[in-house]
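What follows is the content of structure_20.txt, which has compact mmCIF, C-alpha atoms and all ligand atoms:
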```txt
# COMPACT_ATOMS: atom_id res chain seq x y z
CA MET T 1 156.79 -10.83 185.34
CA MET T 2 160.21 -9.76 184.06
CA ARG T 3 158.91 -9.63 180.47
CA ILE T 4 156.14 -7.26 181.37
CA ARG T 5 158.62 -4.96 183.18
CA TYR T 6 160.85 -5.03 180.10
CA PHE T 7 158.13 -3.75 177.86
CA LEU T 8 157.10 -1.13 180.33
CA VAL T 9 160.63 0.30 180.46
CA VAL T 10 162.15 -0.38 177.09
CA LEU T 11 159.28 0.51 174.81
CA PRO T 12 158.76 4.03 176.10
CA VAL T 13 162.48 4.70 175.83
CA ALA T 14 162.47 3.43 172.23
CA LEU T 15 159.51 5.59 171.41
CA LEU T 16 161.22 8.64 172.88
CA ILE T 17 164.33 7.97 170.78
CA ALA T 18 162.25 7.54 167.68
CA LEU T 19 160.31 10.76 168.27
CA ALA T 20 163.49 12.72 168.96
CA GLY T 21 164.90 11.53 165.66
CA CYS T 22 161.91 12.61 163.75
CA SER T 23 161.90 16.08 165.22
CA SER T 24 165.55 16.68 164.35
CA GLY T 25 165.06 15.74 160.73
CA ALA T 26 168.01 13.46 160.73
CA VAL T 27 167.72 10.59 158.46
CA PRO T 28 168.72 7.35 160.00
CA ALA T 29 171.61 5.85 158.19
CA SER T 30 169.81 2.68 157.94
CA ALA T 31 166.89 4.20 155.94
CA GLU T 32 166.91 3.06 152.41
CA ILE T 33 166.12 6.22 150.35
CA PRO T 34 166.29 5.62 146.64
CA PRO T 35 168.43 8.02 144.64
CA LEU T 36 166.66 11.05 143.29
CA SER T 37 166.98 9.96 139.78
CA ALA T 38 165.26 6.77 140.54
CA THR T 39 162.19 8.57 141.80
CA LEU T 40 161.63 10.49 138.53
CA PRO T 41 160.26 8.74 135.54
CA SER T 42 162.88 8.38 132.95
CA PRO T 43 162.99 9.66 130.32
CA LEU T 44 161.23 12.87 131.15
CA PRO T 45 158.12 13.41 129.12
CA PRO T 46 158.53 16.14 126.53
CA ILE T 47 157.37 19.51 127.55
CA PRO T 48 154.43 20.34 125.38
CA SER T 49 155.51 23.05 123.06
CA ALA T 50 153.34 26.02 122.38
CA VAL T 51 150.62 25.26 119.92
CA PRO T 52 151.58 27.02 116.72
CA LEU T 53 149.01 29.46 115.45
CA SER T 54 147.31 28.41 112.33
CA PRO T 55 148.78 30.35 109.40
CA THR T 56 145.32 30.68 107.92
CA ARG T 57 144.02 32.35 111.00
CA PRO T 58 145.19 35.91 111.04
CA LEU T 59 146.49 37.31 114.16
CA PRO T 60 143.94 39.41 115.82
CA THR T 61 144.77 42.92 115.02
CA ALA T 62 144.48 45.48 117.66
CA ILE T 63 141.40 47.60 117.27
CA PRO T 64 142.67 51.13 116.99
CA LEU T 65 141.33 53.41 119.57
CA PRO T 66 139.49 56.32 118.13
CA SER T 67 141.73 59.27 118.01
CA PRO T 68 140.57 61.96 120.29
CA THR T 69 138.58 64.58 118.52
CA LEU T 70 140.43 67.78 118.59
CA SER T 71 138.32 70.59 119.76
CA PRO T 72 139.13 73.95 118.31
CA THR T 73 138.80 75.42 121.71
CA SER T 74 141.02 72.86 123.35
CA THR T 75 143.94 73.20 121.00
CA PRO T 76 146.19 75.92 122.18
CA LEU T 77 147.27 78.21 119.44
CA PRO T 78 150.97 78.37 118.86
CA PRO T 79 152.51 81.51 120.11
CA SER T 80 152.39 84.17 117.49
CA THR T 81 155.74 85.46 116.51
CA THR T 82 154.51 88.19 114.23
CA PRO T 83 152.16 90.91 115.30
CA VAL T 84 148.74 90.66 113.71
CA PRO T 85 147.70 93.94 112.17
CA ALA T 86 144.36 95.33 113.13
CA THR T 87 141.75 94.44 110.56
CA SER T 88 138.87 96.65 111.46
CA THR T 89 140.28 100.02 110.64
CA PRO T 90 139.60 100.56 106.94
CA GLU T 91 140.62 103.84 105.56
CA ALA T 92 137.75 106.17 104.92
CA LEU T 93 136.82 106.13 101.25
CA THR T 94 136.74 109.34 99.33
CA TYR T 95 134.19 110.21 96.66
CA ALA T 96 134.30 112.57 93.71
CA PHE T 97 131.56 114.09 91.61
CA PRO T 98 131.71 112.05 88.37
CA VAL T 99 131.75 114.96 85.90
CA ARG T 100 134.44 117.62 85.92
CA GLY T 101 135.13 120.82 84.09
CA ALA T 102 131.70 121.61 82.85
CA ARG T 103 128.43 123.15 83.74
CA VAL T 104 126.16 120.30 84.76
CA GLU T 105 122.47 119.91 85.36
CA TYR T 106 120.73 116.98 86.94
CA GLY T 107 117.66 116.32 88.97
CA ALA T 108 116.22 113.80 91.38
CA TYR T 109 113.95 112.32 88.74
CA HIS T 110 114.89 109.53 86.36
CA HIS T 111 112.46 107.65 84.20
CA ASP T 112 111.46 104.11 85.13
CA TYR T 113 114.26 103.19 87.52
CA PRO T 114 116.77 104.74 89.96
CA ALA T 115 119.58 106.55 88.15
CA THR T 116 120.62 110.11 87.30
CA ASP T 117 121.17 111.77 83.94
CA ILE T 118 123.85 114.40 84.36
CA PHE T 119 123.46 116.81 81.46
CA CYS T 120 126.75 118.34 80.35
CA PRO T 121 128.56 119.28 77.16
CA ILE T 122 129.94 116.48 74.98
CA GLY T 123 133.53 115.77 75.90
CA SER T 124 133.20 116.50 79.61
CA ALA T 125 135.41 114.38 81.82
CA PHE T 126 133.76 111.29 83.33
CA LEU T 127 135.60 110.50 86.55
CA ALA T 128 135.69 107.52 88.87
CA PRO T 129 133.37 108.46 91.75
CA THR T 130 135.49 106.45 94.19
CA SER T 131 138.45 104.09 94.24
CA GLY T 132 137.97 100.60 92.89
CA VAL T 133 138.59 98.28 89.98
CA VAL T 134 137.29 98.61 86.42
CA ASP T 135 134.58 96.01 85.90
CA TYR T 136 133.27 96.65 82.41
CA VAL T 137 134.25 98.63 79.34
CA SER T 138 132.34 99.11 76.09
CA ARG T 139 134.25 100.99 73.40
CA ILE T 140 131.80 100.48 70.55
CA ASP T 141 128.27 101.69 69.96
CA ILE T 142 126.11 98.92 68.53
CA TRP T 143 122.76 100.41 69.44
CA ASP T 144 120.26 100.21 66.58
CA PRO T 145 117.07 102.26 66.90
CA ALA T 146 115.27 99.62 64.86
CA THR T 147 115.83 96.96 67.50
CA ASN T 148 116.44 99.21 70.50
CA LEU T 149 117.81 96.30 72.53
CA PRO T 150 118.10 97.32 76.16
CA GLN T 151 121.60 95.86 76.46
CA ASP T 152 122.77 98.09 73.59
CA ARG T 153 121.28 101.37 74.77
CA SER T 154 124.29 102.42 76.82
CA GLY T 155 126.63 102.79 73.87
CA LEU T 156 130.15 103.41 75.10
CA ALA T 157 130.30 102.81 78.81
CA VAL T 158 132.56 102.12 81.79
CA ALA T 159 131.68 100.49 85.11
CA ILE T 160 133.83 100.08 88.19
CA ILE T 161 133.40 98.09 91.38
CA GLY T 162 134.13 100.57 94.11
CA ASP T 163 136.07 99.67 97.22
CA ASP T 164 132.79 100.19 99.03
CA GLY T 165 131.41 97.15 97.19
CA LEU T 166 129.04 99.00 94.86
CA ARG T 167 129.06 99.18 91.11
CA TYR T 168 129.26 102.60 89.46
CA TYR T 169 128.29 102.86 85.85
CA GLY T 170 128.48 105.68 83.32
CA SER T 171 127.16 105.40 79.78
CA HIS T 172 126.53 107.32 76.55
CA LEU T 173 130.23 108.18 76.45
CA SER T 174 131.98 109.51 73.37
CA GLU T 175 135.32 108.00 74.36
CA VAL T 176 136.82 105.63 76.90
CA ALA T 177 140.07 106.82 78.45
CA GLU T 178 143.26 105.10 77.46
CA GLY T 179 144.26 102.31 79.80
CA ILE T 180 140.81 101.82 81.22
CA GLU T 181 140.26 98.09 80.93
CA PRO T 182 138.57 95.48 83.14
CA GLY T 183 140.75 94.73 86.14
CA VAL T 184 142.54 98.06 86.15
CA ARG T 185 142.60 99.78 89.49
CA VAL T 186 141.47 103.38 89.65
CA ILE T 187 141.30 106.04 92.30
CA ALA T 188 138.57 108.53 93.08
CA GLY T 189 138.54 111.33 90.50
CA GLN T 190 140.54 109.39 87.89
CA LEU T 191 139.51 109.95 84.28
CA LEU T 192 137.46 107.07 82.87
CA GLY T 193 136.24 108.62 79.63
CA LEU T 194 134.51 111.54 77.97
CA THR T 195 130.79 112.13 77.96
CA GLY T 196 128.82 111.99 74.73
CA LYS T 197 125.63 110.86 73.01
CA SER T 198 126.27 107.21 72.21
CA GLY T 199 123.66 104.53 72.50
CA ASN T 200 120.08 105.64 72.68
CA ALA T 201 121.17 109.16 73.76
CA ARG T 202 121.74 109.89 70.13
CA SER T 203 118.65 112.07 69.91
CA THR T 204 118.60 113.45 73.45
CA PRO T 205 120.52 116.33 75.01
CA PRO T 206 124.05 115.07 75.80
CA HIS T 207 124.33 113.60 79.22
CA LEU T 208 126.12 111.03 81.34
CA HIS T 209 123.79 108.30 82.49
CA PHE T 210 125.01 107.48 85.98
CA GLY T 211 123.88 104.32 87.76
CA ILE T 212 124.72 102.76 91.14
CA SER T 213 123.98 99.09 91.80
CA HIS T 214 125.34 96.04 93.45
CA PRO T 215 127.98 94.16 91.41
CA THR T 216 126.51 92.17 88.57
CA THR T 217 127.42 90.65 85.23
CA PRO T 218 127.88 93.01 82.30
CA ASP T 219 124.87 91.60 80.46
CA ASP T 220 122.56 92.16 83.40
CA TRP T 221 121.40 95.45 81.99
CA ALA T 222 118.37 95.63 84.28
CA VAL T 223 120.64 95.89 87.32
CA ARG T 224 123.66 97.64 85.89
CA ARG T 225 121.66 100.67 84.78
CA GLY T 226 120.94 101.55 88.40
CA GLU T 227 119.36 100.39 91.64
CA ILE T 228 120.23 103.09 94.14
CA PRO T 229 119.06 106.67 93.52
CA PRO T 230 122.30 108.67 93.12
CA PHE T 231 120.83 112.13 93.52
CA GLU T 232 121.53 112.83 97.17
CA TYR T 233 125.06 111.39 96.89
CA LEU T 234 125.83 113.46 93.82
CA LYS T 235 124.76 116.52 95.76
CA ALA T 236 127.02 115.58 98.65
CA TRP T 237 129.99 114.86 96.40
CA GLN T 238 129.47 118.18 94.64
CA ARG T 239 129.74 119.83 98.04
CA GLY T 240 132.97 117.98 98.69
CA GLU T 241 131.48 115.49 101.14
CA SER T 242 132.50 111.82 100.87
CA ARG T 243 129.09 110.36 101.56
CA SER T 244 128.89 106.67 100.73
CA PRO T 245 125.88 105.00 99.11
CA ALA T 246 127.07 101.77 100.67
CA GLN T 247 126.01 102.86 104.16
ZN ZN T 301 119.59 107.69 82.09
```
Spit out the file's structure as structure tokens when you get a sec.
Amino acid sequence: MMRIRYFLVVLPVALLIALAGCSSGAVPASAEIPPLSATLPSPLPPIPSAVPLSPTRPLPTAIPLPSPTLSPTSTPLPPSTTPVPATSTPEALTYAFPVRGARVEYGAYHHDYPATDIFCPIGSAFLAPTSGVVDYVSRIDIWDPATNLPQDRSGLAVAIIGDDGLRYYGSHLSEVAEGIEPGVRVIAGQLLGLTGKSGNARSTPPHLHFGISHPTTPDDWAVRRGEIPPFEYLKAWQRGESRSPAQ
């Protein structure tokens, strides 16, 4: 009977003490806890080092991103520091009748192709009809009536490329003015040569053959001799009007 009472009283008290100890975290002095070092395996296993990359395997190179395409409209223009001059205000070109100082006769008709024969005394001044650059000069007369080659029929001749973009051509000259060479710049009314009878004008009344065409090579005689009928422009220039065949 006493033994049963002992267990009924003592055991619950012991359990309470044990539970209180656990909740406080205190370690009973009598607990045999092995030192920390004893709990770890000794020696420590080596930490696996990083696996070296194979030297034969190249490092993956970064794929370059495509550079953004620059759009001309998206790129802001740098601020302009110099004023841009207006480009659409060309000076009005002036024109001059191509023969000076002589009585001249010419008509609207020309044989075979557009051009004008301006009949005038030998030695009349042949003038640049407008400003431009000398394109072609022939100072020798190699025309032979036996062959009558079309490229030789002009005799002495001068052509300029006007600032209006057209080619102006005068042939059958007796003389080319000094200093008139390809590349030389001339102004309207500047002396290019003297009229004459060279080329196949040898047996005709003296005249200046005057042709207007687009720019061409000197040997392109079919174009250089004339493409645009000059008559109405010659009339205008004689009246003092600067009417352009380029319009
Ligand atoms: Zn002619």
For this session: Can you work out which one of T:Lys197, T:His111, T:Arg239, T:Arg224 has the shortest atom-to-atom distance to ligand ZN 301 (chain T), counting all atoms listed in the file?
Result: T:His111
Residues of range 136-217 of chain T that approach range 118-127 of chain T to 12 Å or less, counting only C-alpha atoms: could you list each one with the shortest pair of atoms and its distance in Å to one decimal, rows by chain and increasing residue number, as a Markdown table?
```
| residue | atom | partner | partner_atom | distance |
| --- | --- | --- | --- | --- |
| T:Leu156 | CA | T:Phe126 | CA | 12.0 |
| T:Ala157 | CA | T:Phe126 | CA | 10.2 |
| T:Val158 | CA | T:Phe126 | CA | 9.4 |
| T:Ala159 | CA | T:Leu127 | CA | 10.8 |
| T:Ile160 | CA | T:Leu127 | CA | 10.7 |
| T:Tyr168 | CA | T:Leu127 | CA | 10.5 |
| T:Tyr169 | CA | T:Phe126 | CA | 10.4 |
| T:Gly170 | CA | T:Phe126 | CA | 7.7 |
| T:Ser171 | CA | T:Phe126 | CA | 9.5 |
| T:His172 | CA | T:Ile122 | CA | 9.9 |
| T:Leu173 | CA | T:Gly123 | CA | 8.3 |
| T:Ser174 | CA | T:Gly123 | CA | 6.9 |
| T:Glu175 | CA | T:Gly123 | CA | 8.1 |
| T:Val176 | CA | T:Phe126 | CA | 9.1 |
| T:Ala177 | CA | T:Phe126 | CA | 9.1 |
| T:Ile180 | CA | T:Leu127 | CA | 11.4 |
| T:Val186 | CA | T:Leu127 | CA | 9.7 |
| T:Ile187 | CA | T:Leu127 | CA | 9.2 |
| T:Ala188 | CA | T:Leu127 | CA | 7.4 |
| T:Gly189 | CA | T:Leu127 | CA | 5.0 |
| T:Gln190 | CA | T:Leu127 | CA | 5.2 |
| T:Leu191 | CA | T:Leu127 | CA | 4.6 |
| T:Leu192 | CA | T:Leu127 | CA | 5.4 |
| T:Gly193 | CA | T:Phe126 | CA | 5.2 |
| T:Leu194 | CA | T:Gly123 | CA | 4.8 |
| T:Thr195 | CA | T:Gly123 | CA | 5.0 |
| T:Gly196 | CA | T:Ile122 | CA | 4.6 |
| T:Lys197 | CA | T:Ile122 | CA | 7.4 |
| T:Ser198 | CA | T:Ile122 | CA | 10.3 |
| T:Ala201 | CA | T:Phe119 | CA | 11.1 |
| T:Arg202 | CA | T:Ile122 | CA | 11.6 |
| T:Thr204 | CA | T:Phe119 | CA | 10.0 |
| T:Pro205 | CA | T:Phe119 | CA | 7.1 |
| T:Pro206 | CA | T:Phe119 | CA | 6.0 |
| T:His207 | CA | T:Phe119 | CA | 4.0 |
| T:Leu208 | CA | T:Ile118 | CA | 5.1 |
| T:His209 | CA | T:Ile118 | CA | 6.4 |
| T:Phe210 | CA | T:Ile118 | CA | 7.2 |
| T:Gly211 | CA | T:Ile118 | CA | 10.6 |
```
Seminar exercise, completed: Residue with the minimum atom-to-atom distance to Trp143 in chain T, picked from T:Glu178, T:Arg185, T:Gly155, T:Phe97 with all atoms listed in the file counted, is T:Gly155
Seminar exercise, completed: As a check of understanding: the span from CA of Val134 in chain T to CA of Ile228 in chain T is 19.3 Å
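If you count all atoms listed in the file and ignore residues fewer than 4 places along the chain from Pro218 in chain T, what sits within 10 Å of it is Asp135, Tyr136, Val137, Ser138, Gln151, Ala159, Val223 and Arg224 of chain T.
The residue that comes closest to Leu149 in chain T, out of T:Trp237, T:Trp221, T:Phe231, T:Tyr109 and on the basis of only C-alpha atoms, is T:Trp221.
Using all atoms listed in the file, the nearest neighbour of ligand ZN 301 (chain T) within the list T:Asp117, T:Asp112, T:Glu105, T:Glu181 is T:Asp117.
With distances restricted to all atoms listed in the file, T:Pro150 is the closest residue to Asp219 in chain T from T:Gly183, T:Pro150, T:Ser244, T:Asn200.
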For this session: Using CA of Ser213 in chain T and CA of Leu166 in chain T as the two end points, give the distance in Å to one decimal.
Result: 5.9 Å
For this session: Could you give me, as a list of chain:residue names, the residues within 10 Å of Glu232 in chain T, counting all atoms listed in the file and dropping anything in the same chain fewer than 5 positions from it?
Result: T:Gly107, T:Ala108, T:Trp237, T:Gln238, T:Arg243, T:Pro245
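With all atoms listed in the file as the basis for measurement, T:Thr116 is the residue among T:Thr217, T:Thr116, T:Thr130, T:Thr94 that approaches ligand ZN 301 (chain T) most closely.
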For this session: Tell me, as a count of residues only, which residues lie within 7 Å of Pro114 in chain T, counting only C-alpha atoms; anything in the same chain fewer than 6 positions away does not count.
Result: 4
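The spacing separating CA of His214 in chain T from CA of Ile161 in chain T amounts to 8.6 Å.
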